[in-house]
Structure formats: structure tokens, C-alpha cells
Amino acid sequence: MSPKIQDGQIIFVNKLAYGLVNPFTAEIFLRWKNPQEDDVILYLYENSWVVKRCIAIEGAPLEYFGDSEYNLIVGNKKISLSSIQFHKMRSSEKIPQGFVLAIGDNYALSFDSRNYGFVPAKNVIGKVIIK
């Protein structure tokens with residue numbers, strides 16, 4: 001799967017999609033909606049802005065398969081995992097309350113929720129609008 005957004009591409013972010021963002025921080029102080037499945041979202045991770053696709057939201061069941069290769073099944077999506085990602089994630093049977101699973105479109109090269117865990121929905125500050 002190739003990425004929708006290329007390096008250096010200018011993107012537009014709807015910072016009102018999920019709530020009212022405090023203009024001087026990366027926090028929403030009035031939330032009216034949470035990210036939905038398939039939204040391309042913007043959030044802060046280790047002081048860097050991150051753009052990933054919301055693959056699934058809180059409560060979504062997670063299935064793991066690890067025979068000759070490691071995979072995560074979420075709904076109708078099959079996502080490949082490295083051995084390290086598989087062993088890190090396999091204890092989670094579903095996405096916890098208040099979190100989302102955010103994964104890059106290029107599964108093979110993306111550093112995302114498979115590496116650093118689920119993203120708190122409260123940390124998502126905008127929805128990316130792709131032209």
C-alpha cells in the first residue's frame with residue numbers, strides 16, 4: 001500500500017473536526033467528536049507532529065496470527081507485523097476505551113501504533129484533508 005501523503009507535500013488540517021483546539025497548545029479543551037475509522041489524523045508523539053490513518057477506534061476487536069508470518073486482523077483489514085510488534089501487541093484483545101489504532105498507509109515502512117502503542121483520542125487534534 002503506497003502512502004497517500006508524500007514527504008514534503010503540503011497538507012491541510014481541519015482543527016475543528018474533533019473539537020476546539022487551544023491555539024497555544026496541542027490540546028483540545030472542548031471535544032465534540034472522536035476520530036472515526038479511516039480518518040487521516042494529526043497528533044503529537046514525542047514532540048513531533050504525526051499523520052497516520054485511524055484504522056480502528058475504541059472497543060474494536062483485535063485478532064493476531066503468528067505462524068509463518070505475523071499479522072493483525074482488524075475488521076476486514078489484514079496488517080502485517082514484525083515479530084517485535086506481534087509480541088508487543090498480542091496481549092491486547094481490543095482497543096482500550098479512549099484510544100485509537102493509528103497506522104501509516106505504507107505498512108512495511110511506517111513507525112506507528114504497532115511500535116509505540118495505541119494513541120489516546122484526546123491527543124488527536126485534527127483531521128487531515130487530502131487534496
# chains A, B, ... in the order shown; residues from 1 in each chain; ligands from 1
>>> select_by_dssp(residues="stretch 54-103 of chain A", states="strand (DSSP E)", output="list in words")
Cys54, Ile55, Ala56, Ile57, Glu63, Tyr64, Phe65, Gly66, Tyr70, Asn71, Leu72, Ile73, Val74, Lys77, Lys78, Ile79, Ser80, Leu81, Phe99, Val100, Leu101, Ala102 and Ile103 of chain A
>>> write_last_selection(atoms="C-alpha atoms", output="PDB file, in the first residue's frame")
ATOM      1  CA  CYS A  54      -7.097   5.760  12.179  1.00  0.00           C
ATOM      2  CA  ILE A  55      -7.510   2.053  11.449  1.00  0.00           C
ATOM      3  CA  ALA A  56      -9.875   1.335  14.338  1.00  0.00           C
ATOM      4  CA  ILE A  57     -11.442   3.028  17.348  1.00  0.00           C
ATOM      5  CA  GLU A  63      -7.064 -10.785  16.200  1.00  0.00           C
ATOM      6  CA  TYR A  64      -3.476 -11.958  15.823  1.00  0.00           C
ATOM      7  CA  PHE A  65      -1.961 -14.689  13.694  1.00  0.00           C
ATOM      8  CA  GLY A  66       1.637 -15.741  14.042  1.00  0.00           C
ATOM      9  CA  TYR A  70       2.788 -12.180  11.874  1.00  0.00           C
ATOM     10  CA  ASN A  71      -0.494 -10.409  11.158  1.00  0.00           C
ATOM     11  CA  LEU A  72      -3.094  -8.307  12.892  1.00  0.00           C
ATOM     12  CA  ILE A  73      -6.712  -8.518  11.749  1.00  0.00           C
ATOM     13  CA  VAL A  74      -8.918  -5.503  12.495  1.00  0.00           C
ATOM     14  CA  LYS A  77      -8.065  -5.234   7.313  1.00  0.00           C
ATOM     15  CA  LYS A  78      -5.047  -7.524   7.470  1.00  0.00           C
ATOM     16  CA  ILE A  79      -1.989  -5.665   8.742  1.00  0.00           C
ATOM     17  CA  SER A  80       1.478  -7.199   8.755  1.00  0.00           C
ATOM     18  CA  LEU A  81       3.521  -7.109  11.958  1.00  0.00           C
ATOM     19  CA  PHE A  99      -7.795   5.203  22.329  1.00  0.00           C
ATOM     20  CA  VAL A 100      -7.411   4.636  18.575  1.00  0.00           C
ATOM     21  CA  LEU A 101      -5.162   2.430  16.456  1.00  0.00           C
ATOM     22  CA  ALA A 102      -3.201   4.724  14.123  1.00  0.00           C
ATOM     23  CA  ILE A 103      -1.162   3.124  11.340  1.00  0.00           C
TER      24      ILE A 103
END
>>> atom_distance(atom1="atom CA of A:Asp105", atom2="atom CA of A:Pro35")
16.7 Å
>>> residues_around(residues="A:Pro120", least_positions_apart="3", cutoff="12 Å", atoms="only C-alpha atoms", output="list in words")
Glu27, Asn34, Pro35, Ile41, Leu42, Tyr43, Leu44, Tyr45, Cys54, Ile57, Glu58, Ile95, Pro96, Gln97, Gly98, Phe99, Val100, Leu101, Ala102, Ser113, Tyr116, Gly117, Asn123, Val124 and Ile125 of chain A
>>> select_by_dssp(residues="chain A", states="alpha helix (DSSP H)", output="list in words")
Ser83, Ile84, Gln85, Phe86, His87, Lys88, Met89, Ser113, Arg114, Asn115 and Tyr116 of chain A
>>> closest_residue(among="A:Ile5, A:Gly75, A:Leu16, A:Leu62", to="A:Val40", atoms="only C-alpha atoms")
A:Ile5
>>> decode(residues="stretch 29-88 of chain A", atoms="C-alpha atoms", output="PDB file, in the first residue's frame")
ATOM      1  CA  PHE A  29     -10.336  21.929  25.547  1.00  0.00           C
ATOM      2  CA  LEU A  30     -13.824  21.278  24.153  1.00  0.00           C
ATOM      3  CA  ARG A  31     -14.285  17.965  22.313  1.00  0.00           C
ATOM      4  CA  TRP A  32     -17.457  17.214  20.353  1.00  0.00           C
ATOM      5  CA  LYS A  33     -16.347  14.221  18.312  1.00  0.00           C
ATOM      6  CA  ASN A  34     -13.708  11.491  18.374  1.00  0.00           C
ATOM      7  CA  PRO A  35     -11.715  10.223  15.397  1.00  0.00           C
ATOM      8  CA  GLN A  36     -13.524   7.661  13.268  1.00  0.00           C
ATOM      9  CA  GLU A  37     -12.257   4.641  11.394  1.00  0.00           C
ATOM     10  CA  ASP A  38     -10.420   5.599   8.189  1.00  0.00           C
ATOM     11  CA  ASP A  39      -9.860   9.260   9.213  1.00  0.00           C
ATOM     12  CA  VAL A  40      -6.361  10.547   8.499  1.00  0.00           C
ATOM     13  CA  ILE A  41      -5.433  12.174  11.793  1.00  0.00           C
ATOM     14  CA  LEU A  42      -2.846  14.569  13.223  1.00  0.00           C
ATOM     15  CA  TYR A  43      -1.464  14.060  16.723  1.00  0.00           C
ATOM     16  CA  LEU A  44       1.628  14.824  18.759  1.00  0.00           C
ATOM     17  CA  TYR A  45       4.035  11.992  19.592  1.00  0.00           C
ATOM     18  CA  GLU A  46       7.329  12.699  21.390  1.00  0.00           C
ATOM     19  CA  ASN A  47       7.192  16.397  20.416  1.00  0.00           C
ATOM     20  CA  SER A  48       6.696  15.638  16.719  1.00  0.00           C
ATOM     21  CA  TRP A  49       3.552  16.033  14.626  1.00  0.00           C
ATOM     22  CA  VAL A  50       2.420  12.690  13.267  1.00  0.00           C
ATOM     23  CA  VAL A  51      -0.022  11.980  10.442  1.00  0.00           C
ATOM     24  CA  LYS A  52      -1.453   8.444  10.317  1.00  0.00           C
ATOM     25  CA  ARG A  53      -4.696   6.712   9.386  1.00  0.00           C
ATOM     26  CA  CYS A  54      -7.097   5.760  12.179  1.00  0.00           C
ATOM     27  CA  ILE A  55      -7.510   2.053  11.449  1.00  0.00           C
ATOM     28  CA  ALA A  56      -9.875   1.335  14.338  1.00  0.00           C
ATOM     29  CA  ILE A  57     -11.442   3.028  17.348  1.00  0.00           C
ATOM     30  CA  GLU A  58     -12.067   2.062  20.977  1.00  0.00           C
ATOM     31  CA  GLY A  59     -13.684  -1.297  21.523  1.00  0.00           C
ATOM     32  CA  ALA A  60     -12.716  -2.765  18.146  1.00  0.00           C
ATOM     33  CA  PRO A  61     -11.658  -6.426  18.491  1.00  0.00           C
ATOM     34  CA  LEU A  62      -8.113  -7.367  17.510  1.00  0.00           C
ATOM     35  CA  GLU A  63      -7.064 -10.785  16.200  1.00  0.00           C
ATOM     36  CA  TYR A  64      -3.476 -11.958  15.823  1.00  0.00           C
ATOM     37  CA  PHE A  65      -1.961 -14.689  13.694  1.00  0.00           C
ATOM     38  CA  GLY A  66       1.637 -15.741  14.042  1.00  0.00           C
ATOM     39  CA  ASP A  67       2.532 -18.860  12.155  1.00  0.00           C
ATOM     40  CA  SER A  68       4.981 -18.313   9.287  1.00  0.00           C
ATOM     41  CA  GLU A  69       4.327 -14.543   9.338  1.00  0.00           C
ATOM     42  CA  TYR A  70       2.788 -12.180  11.874  1.00  0.00           C
ATOM     43  CA  ASN A  71      -0.494 -10.409  11.158  1.00  0.00           C
ATOM     44  CA  LEU A  72      -3.094  -8.307  12.892  1.00  0.00           C
ATOM     45  CA  ILE A  73      -6.712  -8.518  11.749  1.00  0.00           C
ATOM     46  CA  VAL A  74      -8.918  -5.503  12.495  1.00  0.00           C
ATOM     47  CA  GLY A  75     -12.355  -5.706  10.900  1.00  0.00           C
ATOM     48  CA  ASN A  76     -11.655  -6.578   7.259  1.00  0.00           C
ATOM     49  CA  LYS A  77      -8.065  -5.234   7.313  1.00  0.00           C
ATOM     50  CA  LYS A  78      -5.047  -7.524   7.470  1.00  0.00           C
ATOM     51  CA  ILE A  79      -1.989  -5.665   8.742  1.00  0.00           C
ATOM     52  CA  SER A  80       1.478  -7.199   8.755  1.00  0.00           C
ATOM     53  CA  LEU A  81       3.521  -7.109  11.958  1.00  0.00           C
ATOM     54  CA  SER A  82       7.165  -7.694  12.719  1.00  0.00           C
ATOM     55  CA  SER A  83       7.992 -10.263  15.379  1.00  0.00           C
ATOM     56  CA  ILE A  84       8.650  -7.472  17.900  1.00  0.00           C
ATOM     57  CA  GLN A  85       5.362  -5.712  17.079  1.00  0.00           C
ATOM     58  CA  PHE A  86       3.461  -9.009  17.333  1.00  0.00           C
ATOM     59  CA  HIS A  87       4.866  -9.818  20.783  1.00  0.00           C
ATOM     60  CA  LYS A  88       4.265  -6.250  21.987  1.00  0.00           C
TER      61      LYS A  88
END
